[in-house]
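The structure under discussion appears below in the form of structure tokens.
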Amino acid sequence: MIKTILQFIMLYVVLTLLQVVCNHICIFGVAIPIVYIYFIIRLPINLSVNWAMTLAFLMGLTIDVFSNTQGMNALACVIAAALRRPVFSLYFAREDDLPNPIPSIQTLGIGIYIKYLLSMVLVFCFLIFAIQAFTLHNLQLTLLRIVASTILSTLLIFGIDSLDTKREKRL
Amino acid sequence: MKNLINFIIKYFSWFVFIFYVAISCMLLFRNNPYQHHVYLTSANSICSAVYGTINNVTSYFHLHEINEDLHNRNAMLEMEVINLRNELESVKLMLPDTTTIAGTNHDFEFILAHVISNSISQPQNYITINRGSADGIAPEMGVVDQNGVVGIVNVVGPHSARVISLLNPMFRLSCKVKGSNFFGSLVWDGKDARHALLEEMPRHVKFEKGDTIVTSGYSSVFPEGLIVGTIVEQLKDMNDNFFSLRVALSTDFTQLSTVRAIKNNRQAELQQLEEEKASGKEAKK
């Protein structure tokens, strides 16, 4: 239990630092990598939604402080955390059968995991850019940004994930 | 009562959700950037420590271009010094007594600072610098680099400060076309980091492409005549009496490294005068 908590604190710090670096990346002026959503994706699926929202709020607020976007990431994180269970149950109905509550390729299988990952990142990117644009006066650009950022973020998160699983195997 | 408690327990998640959403929205829609608390901005000590470390590594990347810029600027200033010295000599020859022009006044001082974090892709961009109140930085100071205007200091921590970038629609800068007295306000339209709009220019005046835009000096933040950019094209404004100009900014926001905060020694004096004027008006009423 304590080991898991420590792991998540580590993940929190590492993802914050990584996101701070990623904030400077903007490919073709549309694709912005958002990696800290991995923290919300990885939270144990049997964790109560209240805790998930609290942790997500703290994560979002930390990113907000670093990137000077008061409340924007926090709002998107809280909504994403609230939507996590419904999204998960779309692809995986039998929660109780899980050997390990932390979603990963091992526990879910690669197909379901990718679907879960992609939908969460899409939801999150949609929220972020919708809040950012708000008025939606430039709908095409916003849509392009959502799609491009989703693809880029998913690829990056998949990369982080493979590093993580390799380390776990070695241990 | 029992029903109420049951109701609260049943929908507790919803209350938590609404609570967090309300806090986020409060932060999000408190639009005025001047009210942000120092702990919630990148001017706090943890953020500035992290950004400082990252900057130690990344600041080497653009050194070549920055060096080139500084050399050019240096050459220009040296030319100007020589020209001014010659002029001064010739003026001194004409005057019998030089005491009348000897008095110099240092209204403005510079405080050197390094940019440790900078964004250009957000709808509202901010810059973090590694100097704070301990180094004499105060809110509402102007910030420039070797090429032109950068922004205005907004939140100040002990050893770091947040600057509202020129690439932030909240920031309007009073500017004029060099050589004329027609002024307007420069504002960023959020499209790209190289251009901004100079709005509220009178309609009857003709401007050429490539004309230089400088600060007007109407606020006490920036001295008059700092370069801001050059005119790219003329746009028709919604409002028919004015038009706006598209301005190519002279500052390269993608490569900010060393900036200078401008300390106006007469700002306190000017503000006091304005306050007196305002209170005088009220007293008259």
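We name chains A, B, ... following the order of the structure tokens; residues begin at 1 in each chain, and ligands are numbered from 1 as shown.
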Could you pull the residues within 8 Å of Ile34 of chain A, counting only C-alpha atoms, minus those fewer than 2 positions along the same chain, as a ChimeraX atom specification?
/A:19,22,32,36-37,125,149,153
Exercise. Identify all chain A residues at most 9 Å from chain B by counting only C-alpha atoms; ligands do not count. Present them as a PyMOL selection string.
Key: chain A and resi 17+20-21+23-26+29-30+32+48-50+53-54+57+61-62+64-76+78-79+82+132-133
Next on the checklist: List as a PyMOL selection string the protein and nucleic acid residues near Asn181 of chain B, meaning an atom at most 12 Å away when only C-alpha atoms are counted, but skip any in the same chain fewer than 6 places from it.
Outcome noted: chain B and resi 174-175+201-202+205+213-218+224-225
Name the residues in contact with segment 147-152 of chain B at a cut-off of 10 Å, using only C-alpha atoms, excluding same-chain residues fewer than 3 positions from it; report them as a VMD selection string. chain B and resid 69 to 70 72 to 73 126 to 127 139 to 144 155 162 to 168 171 to 173 214 to 215 221 to 222 226 to 229 249 to 253 256 259 to 262
Write out as an mmCIF file with C-alpha atoms, in the first residue's frame the residues lying within 6 Å of segment 39-45 of chain A, counting only C-alpha atoms and excluding same-chain residues fewer than 4 positions away.
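Now in selection-v9.cif:
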data_model
loop_
_atom_site.group_PDB
_atom_site.id
_atom_site.type_symbol
_atom_site.label_atom_id
_atom_site.label_comp_id
_atom_site.auth_asym_id
_atom_site.auth_seq_id
_atom_site.Cartn_x
_atom_site.Cartn_y
_atom_site.Cartn_z
ATOM 1 C CA PRO A 101 -6.544 -2.258 -9.887
ATOM 2 C CA ILE A 102 -3.920 -0.047 -11.577
ATOM 3 C CA PRO A 103 -4.735 0.140 -15.305
#
| message | Report, in Å with one decimal, the straight-line distance from atom CA of Thr16 of chain A to atom CA of Thr53 of chain B. | response |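 Computing it gives 14.4 Å between the two atoms.
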*Could you please write out, as an MDAnalysis selection string, every residue of segment 131-219 of chain B that DSSP assigns to strand (DSSP E)?*
chainID B and resid 142:144 149:156 161:165 173:177 183:187 195:202 212:215
Here atom CA of Cys77 of chain A and atom CA of Leu15 of chain A stand apart by 14.0 Å
**Request:** Compile the contact shell of Leu143 of chain A as number ranges by chain: residues with an atom at most 10 Å away, counting only C-alpha atoms, same-chain residues fewer than 3 positions apart removed.
**Result:** A: 30, 125-126, 129-130, 136, 138-140, 146-149
Q. So how far away is atom CA of Lys178 of chain B from atom CA of Pro223 of chain B, in Å?
A.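 So the answer is 13.7 Å.
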Across A:Ala31, A:Val87, A:Ile5, A:Ala56, the smallest distance to Thr142 of chain A, with only C-alpha atoms counted, is shown by A:Ala31
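Closest to His62 of chain B among B:Ser219, B:Arg266, B:Ser257, B:Glu276 is B:Ser257, based on only C-alpha atoms.
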